[in-house]
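Have a look at the structure below before the remarks.
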Amino acid sequence: MTDDEERGVPAGVSAAERAAARLGFGKSCTREVGRLLAFAAAAKPGGTVAESGTGAGVGTAWLRSGLGPGARLVTVERDAELARGSAELFAGDARVRVLHGDWRLLEEHAPFDVFFCDGGGKRDDPDRVVELLSPGGLLLMDDFTPSPHWPPRFGGEVDRLRLHYLTHPGLEATEVRTAPGSAVVLAVRRA
C-alpha cells in the first residue's frame, strides 16, 4: 500500500496528480474538493456524472473513485493536449468518456445527476448549467473565496456569480469551506 492509499487517496487520483505535475498543470482540484466529488458521485450510484474542465484529470479521477458500477462519467476539456492525456488515463474504464471541445458538448449527455462545473458554463451561462441537472441532481463548483458577508463578497464587491447560484429559485444551495481560503458551492436542483 502506498502512502497516498493509506491516506485515503485512490491510486487513480495519485496517477492523475503525477500527470498534472509532469504537464506543469497547476489548476487541479484540491484533495478536500476531490473527496466531495467522490462523495457526490457515490451518492448517485447509477447516475450520469459530468465535469466541465477536465484539466489533467485529477477531478475526473476523484469522481471516478465514487462511481457505482452502473454509473457513467462524461468530462470535457477544451485543451487538446490535456484532453488527450486524460483520455489515456481513463482508457481502461468504459464508464468514463473524455471529450475534447467546448463545455456545451455535455448537453447531449444531460440530464446529470452530478455536475462538477469547474470549467466552461459556470460563468458564461449559469442558467444553462442549472438546466442540465436532473431533478435532485447535485451541482458542485469550487474556486470560491469564503466570504463572511451577505451578500457574499470578493475583492470588496458583491460576488454576483456566487450570489446567482446561492439564490437561484431552481436550486437549494449552500457554500462549504474546504480550506481556510477556499470554498465550494454545493446545490441540488429542486424537483
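Residues in the C-alpha cells are numbered from 1 in each chain, the chains being A, B, ... in the order shown, and ligands are numbered from 1 in the order shown.
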### Task
Could you please write out, as an MDAnalysis selection string, every residue of chain A that DSSP assigns to helix (DSSP H, G or I)?
chainID A and resid 3:6 11:23 31:43 58:66 80:89 103:109 126:131 160:167
### Query
Using only C-alpha atoms, which residues sit within 6 Å of stretch 142-153 of chain A once same-chain residues fewer than 2 positions away are excluded, as a PyMOL selection string?
chain A and resi 156-159+181-184
Do you have, as a tab-separated table, the list of residues of stretch 122-149 of chain A lying at most 10 Å from stretch 46-60 of chain A, each with its nearest atom pair and that distance in Å to one decimal, counting only C-alpha atoms and ordered by chain then number?
```
residue	atom	partner	partner_atom	distance
A:Lys122	CA	A:Ser52	CA	8.9
A:Leu132	CA	A:Ala50	CA	9.7
A:Leu133	CA	A:Ala50	CA	9.7
A:Ser134	CA	A:Thr48	CA	9.4
A:Gly137	CA	A:Gly47	CA	9.3
A:Leu138	CA	A:Val49	CA	9.3
A:Leu139	CA	A:Ala50	CA	9.6
A:Leu140	CA	A:Glu51	CA	9.5
```
### Task
Record the distance separating atom CA of A:Glu32 and atom CA of A:Pro180, expressed in Å with one decimal.
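Between these atoms lies a distance of 11.4 Å.
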### Query
Counting only C-alpha atoms, what is within 10 Å of A:Arg64, bar same-chain residues fewer than 2 positions away, as number ranges by chain?
A: 10, 12-13, 37-38, 41-42, 49, 58-62, 66-68, 71-73, 90, 93, 95-96
### Message
DSSP on the backbone: which residues in stretch 20-160 of chain A end up as strand (DSSP E)? Give the answer as an NGL selection string.
### Response
:A and (48-52 or 72-77 or 96-100 or 112-117 or 133-144 or 153-154 or 157-158)
### Query
What is the atom CA of A:Val129-atom CA of A:Ser86 distance in Å, reported with one decimal?
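Going from atom CA of A:Val129 over to atom CA of A:Ser86 covers 22.9 Å.
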Which polymer residues have any atom within 12 Å of an atom of A:His164, counting only C-alpha atoms, with same-chain residues fewer than 6 positions away left out, as a PDB file with all heavy atoms, in the first residue's frame?
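Dumped to part_29.pdb:
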```pdb
ATOM      1  N   LYS A 122     -19.918  27.773 -15.932  1.00  0.00           N
ATOM      2  CA  LYS A 122     -20.118  28.360 -14.605  1.00  0.00           C
ATOM      3  C   LYS A 122     -20.318  29.863 -14.695  1.00  0.00           C
ATOM      4  O   LYS A 122     -21.225  30.407 -14.083  1.00  0.00           O
ATOM      5  CB  LYS A 122     -18.912  28.018 -13.720  1.00  0.00           C
ATOM      6  CG  LYS A 122     -18.974  28.633 -12.342  1.00  0.00           C
ATOM      7  CD  LYS A 122     -17.978  28.020 -11.362  1.00  0.00           C
ATOM      8  CE  LYS A 122     -16.544  28.284 -11.635  1.00  0.00           C
ATOM      9  NZ  LYS A 122     -15.667  27.770 -10.553  1.00  0.00           N
ATOM     10  N   ARG A 123     -19.486  30.528 -15.492  1.00  0.00           N
ATOM     11  CA  ARG A 123     -19.564  31.979 -15.610  1.00  0.00           C
ATOM     12  C   ARG A 123     -20.341  32.447 -16.841  1.00  0.00           C
ATOM     13  O   ARG A 123     -21.062  33.426 -16.781  1.00  0.00           O
ATOM     14  CB  ARG A 123     -18.151  32.569 -15.675  1.00  0.00           C
ATOM     15  CG  ARG A 123     -17.445  32.523 -14.362  1.00  0.00           C
ATOM     16  CD  ARG A 123     -16.033  33.110 -14.450  1.00  0.00           C
ATOM     17  NE  ARG A 123     -15.438  33.192 -13.141  1.00  0.00           N
ATOM     18  CZ  ARG A 123     -14.946  32.163 -12.477  1.00  0.00           C
ATOM     19  NH1 ARG A 123     -14.963  30.970 -13.005  1.00  0.00           N
ATOM     20  NH2 ARG A 123     -14.434  32.318 -11.264  1.00  0.00           N
ATOM     21  N   ASP A 125     -22.745  30.873 -18.773  1.00  0.00           N
ATOM     22  CA  ASP A 125     -24.155  30.537 -18.959  1.00  0.00           C
ATOM     23  C   ASP A 125     -24.687  29.800 -17.724  1.00  0.00           C
ATOM     24  O   ASP A 125     -25.070  28.633 -17.795  1.00  0.00           O
ATOM     25  CB  ASP A 125     -24.334  29.685 -20.220  1.00  0.00           C
ATOM     26  CG  ASP A 125     -25.760  29.678 -20.736  1.00  0.00           C
ATOM     27  OD1 ASP A 125     -26.670  30.159 -20.015  1.00  0.00           O
ATOM     28  OD2 ASP A 125     -25.979  29.173 -21.854  1.00  0.00           O
ATOM     29  N   PRO A 126     -24.727  30.480 -16.572  1.00  0.00           N
ATOM     30  CA  PRO A 126     -25.105  29.804 -15.331  1.00  0.00           C
ATOM     31  C   PRO A 126     -26.511  29.208 -15.347  1.00  0.00           C
ATOM     32  O   PRO A 126     -26.731  28.160 -14.746  1.00  0.00           O
ATOM     33  CB  PRO A 126     -24.959  30.879 -14.257  1.00  0.00           C
ATOM     34  CG  PRO A 126     -24.869  32.171 -14.967  1.00  0.00           C
ATOM     35  CD  PRO A 126     -24.391  31.889 -16.350  1.00  0.00           C
ATOM     36  N   ASP A 127     -27.451  29.827 -16.032  1.00  0.00           N
ATOM     37  CA  ASP A 127     -28.794  29.246 -16.071  1.00  0.00           C
ATOM     38  C   ASP A 127     -28.811  27.937 -16.855  1.00  0.00           C
ATOM     39  O   ASP A 127     -29.519  26.996 -16.490  1.00  0.00           O
ATOM     40  CB  ASP A 127     -29.800  30.238 -16.648  1.00  0.00           C
ATOM     41  CG  ASP A 127     -30.114  31.360 -15.671  1.00  0.00           C
ATOM     42  OD1 ASP A 127     -30.108  31.113 -14.444  1.00  0.00           O
ATOM     43  OD2 ASP A 127     -30.350  32.486 -16.135  1.00  0.00           O
ATOM     44  N   VAL A 129     -26.354  25.852 -17.026  1.00  0.00           N
ATOM     45  CA  VAL A 129     -25.736  24.863 -16.130  1.00  0.00           C
ATOM     46  C   VAL A 129     -26.820  24.222 -15.265  1.00  0.00           C
ATOM     47  O   VAL A 129     -26.885  23.002 -15.132  1.00  0.00           O
ATOM     48  CB  VAL A 129     -24.637  25.525 -15.258  1.00  0.00           C
ATOM     49  CG1 VAL A 129     -24.236  24.635 -14.098  1.00  0.00           C
ATOM     50  CG2 VAL A 129     -23.425  25.861 -16.117  1.00  0.00           C
ATOM     51  N   VAL A 130     -27.692  25.035 -14.691  1.00  0.00           N
ATOM     52  CA  VAL A 130     -28.762  24.518 -13.832  1.00  0.00           C
ATOM     53  C   VAL A 130     -29.708  23.638 -14.641  1.00  0.00           C
ATOM     54  O   VAL A 130     -30.139  22.573 -14.175  1.00  0.00           O
ATOM     55  CB  VAL A 130     -29.518  25.679 -13.143  1.00  0.00           C
ATOM     56  CG1 VAL A 130     -30.733  25.175 -12.380  1.00  0.00           C
ATOM     57  CG2 VAL A 130     -28.573  26.445 -12.218  1.00  0.00           C
ATOM     58  N   PRO A 151     -24.763  40.043   1.078  1.00  0.00           N
ATOM     59  CA  PRO A 151     -24.422  39.028   0.095  1.00  0.00           C
ATOM     60  C   PRO A 151     -22.915  38.772   0.066  1.00  0.00           C
ATOM     61  O   PRO A 151     -22.131  39.617   0.493  1.00  0.00           O
ATOM     62  CB  PRO A 151     -24.917  39.628  -1.221  1.00  0.00           C
ATOM     63  CG  PRO A 151     -24.999  41.095  -0.997  1.00  0.00           C
ATOM     64  CD  PRO A 151     -25.238  41.291   0.468  1.00  0.00           C
ATOM     65  N   PRO A 152     -22.514  37.586  -0.456  1.00  0.00           N
ATOM     66  CA  PRO A 152     -21.089  37.250  -0.471  1.00  0.00           C
ATOM     67  C   PRO A 152     -20.289  38.261  -1.288  1.00  0.00           C
ATOM     68  O   PRO A 152     -20.762  38.788  -2.287  1.00  0.00           O
ATOM     69  CB  PRO A 152     -21.045  35.861  -1.108  1.00  0.00           C
ATOM     70  CG  PRO A 152     -22.339  35.712  -1.828  1.00  0.00           C
ATOM     71  CD  PRO A 152     -23.332  36.575  -1.130  1.00  0.00           C
ATOM     72  N   VAL A 158     -19.747  42.788  -4.347  1.00  0.00           N
ATOM     73  CA  VAL A 158     -20.665  41.655  -4.319  1.00  0.00           C
ATOM     74  C   VAL A 158     -20.245  40.645  -5.378  1.00  0.00           C
ATOM     75  O   VAL A 158     -19.986  41.003  -6.533  1.00  0.00           O
ATOM     76  CB  VAL A 158     -22.122  42.117  -4.555  1.00  0.00           C
ATOM     77  CG1 VAL A 158     -23.054  40.917  -4.714  1.00  0.00           C
ATOM     78  CG2 VAL A 158     -22.586  42.999  -3.409  1.00  0.00           C
ATOM     79  N   GLY A 170     -34.327  27.650  -8.710  1.00  0.00           N
ATOM     80  CA  GLY A 170     -34.377  26.233  -9.048  1.00  0.00           C
ATOM     81  C   GLY A 170     -33.416  25.373  -8.247  1.00  0.00           C
ATOM     82  O   GLY A 170     -33.350  24.160  -8.451  1.00  0.00           O
ATOM     83  N   LEU A 171     -32.682  26.003  -7.331  1.00  0.00           N
ATOM     84  CA  LEU A 171     -31.670  25.287  -6.558  1.00  0.00           C
ATOM     85  C   LEU A 171     -31.881  25.468  -5.061  1.00  0.00           C
ATOM     86  O   LEU A 171     -32.352  26.510  -4.618  1.00  0.00           O
ATOM     87  CB  LEU A 171     -30.270  25.810  -6.891  1.00  0.00           C
ATOM     88  CG  LEU A 171     -29.746  25.645  -8.309  1.00  0.00           C
ATOM     89  CD1 LEU A 171     -28.417  26.384  -8.464  1.00  0.00           C
ATOM     90  CD2 LEU A 171     -29.611  24.174  -8.678  1.00  0.00           C
ATOM     91  N   GLU A 172     -31.487  24.477  -4.324  1.00  0.00           N
ATOM     92  CA  GLU A 172     -31.261  24.607  -2.889  1.00  0.00           C
ATOM     93  C   GLU A 172     -29.749  24.562  -2.763  1.00  0.00           C
ATOM     94  O   GLU A 172     -29.123  23.561  -3.108  1.00  0.00           O
ATOM     95  CB  GLU A 172     -31.905  23.444  -2.120  1.00  0.00           C
ATOM     96  CG  GLU A 172     -31.802  23.577  -0.624  1.00  0.00           C
ATOM     97  CD  GLU A 172     -32.563  24.791  -0.090  1.00  0.00           C
ATOM     98  OE1 GLU A 172     -33.693  25.059  -0.550  1.00  0.00           O
ATOM     99  OE2 GLU A 172     -32.010  25.469   0.793  1.00  0.00           O
ATOM    100  N   ALA A 173     -29.125  25.664  -2.333  1.00  0.00           N
ATOM    101  CA  ALA A 173     -27.667  25.771  -2.407  1.00  0.00           C
ATOM    102  C   ALA A 173     -27.068  26.247  -1.093  1.00  0.00           C
ATOM    103  O   ALA A 173     -27.712  26.932  -0.304  1.00  0.00           O
ATOM    104  CB  ALA A 173     -27.277  26.736  -3.528  1.00  0.00           C
ATOM    105  N   THR A 174     -25.807  25.890  -0.907  1.00  0.00           N
ATOM    106  CA  THR A 174     -25.046  26.344   0.241  1.00  0.00           C
ATOM    107  C   THR A 174     -23.585  26.450  -0.152  1.00  0.00           C
ATOM    108  O   THR A 174     -23.167  25.938  -1.194  1.00  0.00           O
ATOM    109  CB  THR A 174     -25.226  25.397   1.452  1.00  0.00           C
ATOM    110  OG1 THR A 174     -24.663  26.002   2.617  1.00  0.00           O
ATOM    111  CG2 THR A 174     -24.559  24.041   1.201  1.00  0.00           C
ATOM    112  N   VAL A 185     -19.404  25.839  -3.761  1.00  0.00           N
ATOM    113  CA  VAL A 185     -20.847  25.978  -3.765  1.00  0.00           C
ATOM    114  C   VAL A 185     -21.417  24.613  -4.116  1.00  0.00           C
ATOM    115  O   VAL A 185     -21.050  24.006  -5.134  1.00  0.00           O
ATOM    116  CB  VAL A 185     -21.324  27.055  -4.770  1.00  0.00           C
ATOM    117  CG1 VAL A 185     -22.843  27.015  -4.933  1.00  0.00           C
ATOM    118  CG2 VAL A 185     -20.875  28.437  -4.316  1.00  0.00           C
ATOM    119  N   ALA A 187     -25.087  22.547  -4.569  1.00  0.00           N
ATOM    120  CA  ALA A 187     -26.505  22.799  -4.800  1.00  0.00           C
ATOM    121  C   ALA A 187     -27.189  21.539  -5.296  1.00  0.00           C
ATOM    122  O   ALA A 187     -26.546  20.662  -5.878  1.00  0.00           O
ATOM    123  CB  ALA A 187     -26.671  23.918  -5.837  1.00  0.00           C
TER     124      ALA A 187
END
```
### Task
Counting only C-alpha atoms, figure out which residue out of A:Val74, A:Arg190, A:Phe154, A:Lys27 gets nearest to A:Pro169.
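The closest residue to A:Pro169 is A:Arg190.
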### Query
When you draw a straight line from atom CA of A:Ala83 to atom CA of A:His100, how long is it in Å?
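Answer for the atom CA of A:Ala83 to atom CA of A:His100 separation: 5.6 Å.
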